[in-house]
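First comes the structure, then the notes that go with it.
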Amino acid sequence: MATRWGAARVMARSQVIDTQWGIAIAPARRDGRIVAEAAEPDRTAKPVPLPAELAPDLVARLRAAGIEALYSHQLRAWEMAPRSDLVITSGTASGKSLAFNLPVLDAIARQPKARALYLYPTKALAQDQARKLAQLRPPGLREAIYDGDTPREERPAIRRKSNLILTNPDMLHVGILPSHKKWGDFLANLEWVVVDEAHTYRGVFGSHVANVLRRLRRTARAYGAEPRFLLTSATIANPEELAERLVGTEFELIDDDGAPRAGREVAMWNPPLIDKATGTRRSALAEAADLLAELVTQGVRTICFLKSRRGIELIQRFARENLERRGKKELAARIAPYRGGYTPQQRREIEDRLSRGELLAVVATDALELGIDVGELDAAICVTFPGTVASLRQMWGRAGRRRRGLAVYVAGQDALDQFFCRHPEEFLGRPVEGAILDHGNEQIAMRHLIAAAYEFPLSDADDEFFGEGWRERAERLLEAGELRRARGGLAPRRNEFVASRIPLRSASADSVAVIERESGEMLGLVEAERAFTTIHPGAVYLHLGRSYEVEQLDVRERRALVSSFDGDWYTRPKKETEVYIERVHEQREVAGVELHFGEVSVTEQVIAFQRVSIADNEPIDIVALELPEQSFVTQALWYVLPDGNFGTLPPDVLLGALHATEHGQIAVLPLIAMCDRWDIGGLSTNVHFQTGRSTIFIYDGHPGGVGITKRGYEEFERLLGDAERLIAECPCESGCPSCVQSPKCGNLNEPLHKAGALELMGQMQAARGTVRRAA
């Protein structure tokens, strides 16, 4: 394989083949499961002296903690922070925390009344930072965590005494801004706002947080403060744009990473083909579990990532069983799963055991992707593409921080994973994406206007904070009875706590408790919108490596009762989807079809579930369900085929061709927009009741939409070309999970017609005057 790492790769292999992890992956090198490798080189540090202007007491504390010098990007942040809002991008473990801490802690050391607010996307990150600040003990600092776990009796003292508050956007939204009168002194002296891991604020969550930060700026100004914003981010393509969209002010970028970095060996791992005709490969979960067991056997401290909560539980279970079969029970007990839905106590225990070295490995969702300090790790495995290169780099960055490490990507059968395995150079050399958010999303922005009006009446002075279009939205809210004219502005019609009805992310509100029937113990939480697909009656639910069967789902009481389960199958839902076109925003003729972008109503209903054998992934049966419909309005692109469908596809082929085309285009949309396949939905029909013709819809999978399908509309020609290439290159005969089958298909991948999809897209390519690429 020829890549820009080529020469370094050959050298690296000779150096690392005898390492513990080199021994663990050697069999996969020999049998061809490792399809490509690369070596990321070491990087030397760029140290600079501590600034002479730093408060002397702070310098003493830094030196006591072993910090005798800074990295170059930390010094730049110190120099620029007093005059500019900053966004700092650098690699994992590069000292971003010290970069924003220096100007803040120096200000607090010099000015007793100065206040700072630190925002983290997770409670765990805030707790991790609080521990580090407590260890440093900077002069004059009175830090405190203020989140949903903070005892109510402690909150008044924190508001009065603390000069640095560590919290999350959710608590700022519901616990601080609506109660700003209790925070008057803090807000009047607020000088610094730090937003850590800013790249996580994208999509729906980011669009909400952008509104919350605008409300924070507005509230701080009402108390006479203009805080400086310091944002940190993993490397993404558009850090300045993201920062400016989040906060609404101009930012300067610091991206010169002066921290040292240990080298890393990167391996792309493709599970072996079991059936060439059907394209079936050995399960990526099983491959990852075997690799994890071997690494643990060799004493390699490992973190294994997978987005699926069910999947991480299965990997942990398979790895444990592998080790037990080999008579290594003591090692089997040193692997733990980690995901959202566990209680805070369960998560803290796992983090502590990993940090202390009691655990040799953890299998985690992206809940551990961010910068929680879990000690030294040697290897990081990412199972299936996580949706973005930025996330992949974050995950890989958890290992080999101070000594040479191993990063493995284990591909799944998914079409995009197999596309990357056929084109490893496009994967290994792929640039990071740009983050997408839309603070002006109609549904999101209107709700935050009501929340802002609860804090202070809306007025002409709010143009700066809420931007273009807020007045029109406010007028509509006035007409709808949500707002009223009062005190020269607009106030809420009802004097109720508005923010509590605006969840920033699904995990923070309206969750369903999963309760073990026999013991009455609450095992975890599942977001309400995921309940019908994951904890419906009969579903198999995994928790901490154990399997449970759902006996009852009570939506009104927000609880699901489960009991222990030892069957050898898992479940996947079957659902029906309808799409209604609400409004067309843009349209154009392209590739012989009518392409549209606009708003649609999506109605989904889970009607059954399929039981699937764990051993061979073969369906066992389908069980009917009676669950209510769920509807939401979102953004979509859709295109309508001309009368006659280009005149060549017979009716019995057409629906399967449309369905396969839809799947292929959804599979490659993450290459264009910074999103996950699971953020996108689709529907294809040979006759849609509104268009009267064959139509394919691709829609944002979240209410309101955040611009994912807008990118697809803008770059539709690329979407079409990438999808055709993905399907045409797959060697299977009639369609497989590596090309046209989708793991999230609500219709259980029926019907699909691979050849028909290639014919359809080939005719579209011909209609735009291009030559179709051969398989």
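Just so we're on the same page: first chain in the structure tokens is A, next is B, and so on; residues restart at 1 for each chain, and ligands are numbered from 1 in the order they show up.
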
Would you list the contacts of Pro239 in chain A as a ChimeraX atom specification, taking every protein, DNA or RNA residue within 10 Å and counting only C-alpha atoms, but skipping same-chain residues closer than 4 positions in sequence? /A:87-89,198-199,231-235,243-245,251-255,434-435

Got a sec: who's within 6 Å of range 647-663 of chain A, counting only C-alpha atoms, leaving out chain neighbours fewer than 6 positions off, as a ChimeraX atom specification? /A:684,686,740,751-753,756-757

I'd like to know which of A:Asp185, A:Glu191, A:Asp438, A:Glu455 is closest to Ala491 in chain A, using only C-alpha atoms.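 Of the candidates, the smallest distance to Ala491 in chain A is held by A:Glu455.
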
Report the residues of range 632-717 of chain A whose backbone DSSP state falls under helix (DSSP H, G or I), written as a ChimeraX atom specification. /A:645-647,651-671,677-679,708-714,716-717

For Asp366 in chain A, the closest of A:Lys276, A:Lys575, A:Arg339, A:Arg30 counting only C-alpha atoms is A:Arg339

Near-His423 in chain A list (12 Å; only C-alpha atoms; drop same-chain fewer than 4 positions) as a list in words: Met1, Ala2, Thr3, Val35, Ala36, Met268, Leu416, Asp417, Gln418, Phe419, Phe427, Leu428, Gly429, Arg430, Arg725, Leu726, Glu729 and Cys730 of chain A

Kindly save the residues from that selection, with C-alpha atoms included, as a PDB file, in the first residue's frame.
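Output below, filename again.pdb:
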```
ATOM      1  CA  MET A   1       0.000   0.000   0.000  1.00  0.00           C
ATOM      2  CA  ALA A   2       1.365   3.388  -0.958  1.00  0.00           C
ATOM      3  CA  THR A   3       0.542   6.170   1.475  1.00  0.00           C
ATOM      4  CA  VAL A  35      -5.299  -4.849   5.195  1.00  0.00           C
ATOM      5  CA  ALA A  36      -3.160  -1.766   5.751  1.00  0.00           C
ATOM      6  CA  MET A 268      -6.779  -1.505   9.589  1.00  0.00           C
ATOM      7  CA  LEU A 416     -18.800   2.524   4.575  1.00  0.00           C
ATOM      8  CA  ASP A 417     -16.427   0.310   6.563  1.00  0.00           C
ATOM      9  CA  GLN A 418     -15.896  -1.967   3.572  1.00  0.00           C
ATOM     10  CA  PHE A 419     -15.487   1.034   1.270  1.00  0.00           C
ATOM     11  CA  PHE A 427      -9.124   6.266   5.053  1.00  0.00           C
ATOM     12  CA  LEU A 428      -5.636   6.720   6.507  1.00  0.00           C
ATOM     13  CA  GLY A 429      -5.060  10.024   4.746  1.00  0.00           C
ATOM     14  CA  ARG A 430      -8.582  11.346   5.232  1.00  0.00           C
ATOM     15  CA  ARG A 725     -18.919   3.636  -6.572  1.00  0.00           C
ATOM     16  CA  LEU A 726     -19.500   1.996  -3.178  1.00  0.00           C
ATOM     17  CA  GLU A 729     -17.059  -2.075  -6.248  1.00  0.00           C
ATOM     18  CA  CYS A 730     -18.555  -4.604  -3.830  1.00  0.00           C
TER      19      CYS A 730
END
```

With only C-alpha atoms counted and 10 Å as the cut-off, give the residues of range 277-323 of chain A in contact with range 608-624 of chain A, each with its shortest interatomic distance in Å and the pair that gives it, as CSV.
```
residue,atom,partner,partner_atom,distance
A:Thr280,CA,A:Asn617,CA,9.8
A:Arg282,CA,A:Asp616,CA,8.8
A:Ser283,CA,A:Asn617,CA,8.5
A:Ala286,CA,A:Ala615,CA,9.9
A:Leu314,CA,A:Ile614,CA,9.7
```

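Summary of the local environment: counting only C-alpha atoms, residues at most 10 Å from Gly32 in chain A, other than itself and those fewer than 4 positions away along its chain, are Pro27, Ala28, Ala36, Trp269, Asn270, Pro271 and Pro272 of chain A.
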
One number please: CA of Asp462 in chain A to CA of Pro503 in chain A, in Å, one decimal.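 Interatomic distance here is 23.0 Å.
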
In Å, how far is it from CA of Leu292 in chain A to CA of Ala380 in chain A?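 Going from CA of Leu292 in chain A over to CA of Ala380 in chain A covers 9.7 Å.
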
Looking at A:Glu496, A:Asp554, A:Glu549, A:Asp643, which one is nearest to Glu594 in chain A, with distances taken over only C-alpha atoms?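 When distances to Glu594 in chain A are compared using only C-alpha atoms, the smallest one comes from A:Asp643.
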
Considering only C-alpha atoms, return as a list in words whatever protein or nucleic-acid residues lie within 6 Å of Val550 in chain A, sequence-local ones (same chain, fewer than 5 positions apart) excluded.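 With the cut-off at 6 Å, the set is Pro537, Gly538, Ala539, Leu561 and Val562 of chain A.
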
If you run DSSP on this backbone, which residues of range 654-745 of chain A come out as strand (DSSP E), and could you give them as an NGL selection string? :A and (680-685 or 695-700)

Between range 394-443 of chain A and range 205-212 of chain A, at 10 Å or less, what are the per-residue closest atom pairs and their distances in Å? Count only C-alpha atoms, order by chain and rising residue number, and return it as a Markdown table.
```
| residue | atom | partner | partner_atom | distance |
| --- | --- | --- | --- | --- |
| A:Ala435 | CA | A:Gly206 | CA | 9.3 |
| A:Ile436 | CA | A:Gly206 | CA | 8.2 |
| A:Leu437 | CA | A:Ser207 | CA | 5.2 |
| A:Asp438 | CA | A:Ser207 | CA | 5.1 |
| A:His439 | CA | A:Ser207 | CA | 4.4 |
| A:Gly440 | CA | A:Ser207 | CA | 7.7 |
| A:Asn441 | CA | A:Ser207 | CA | 7.3 |
```
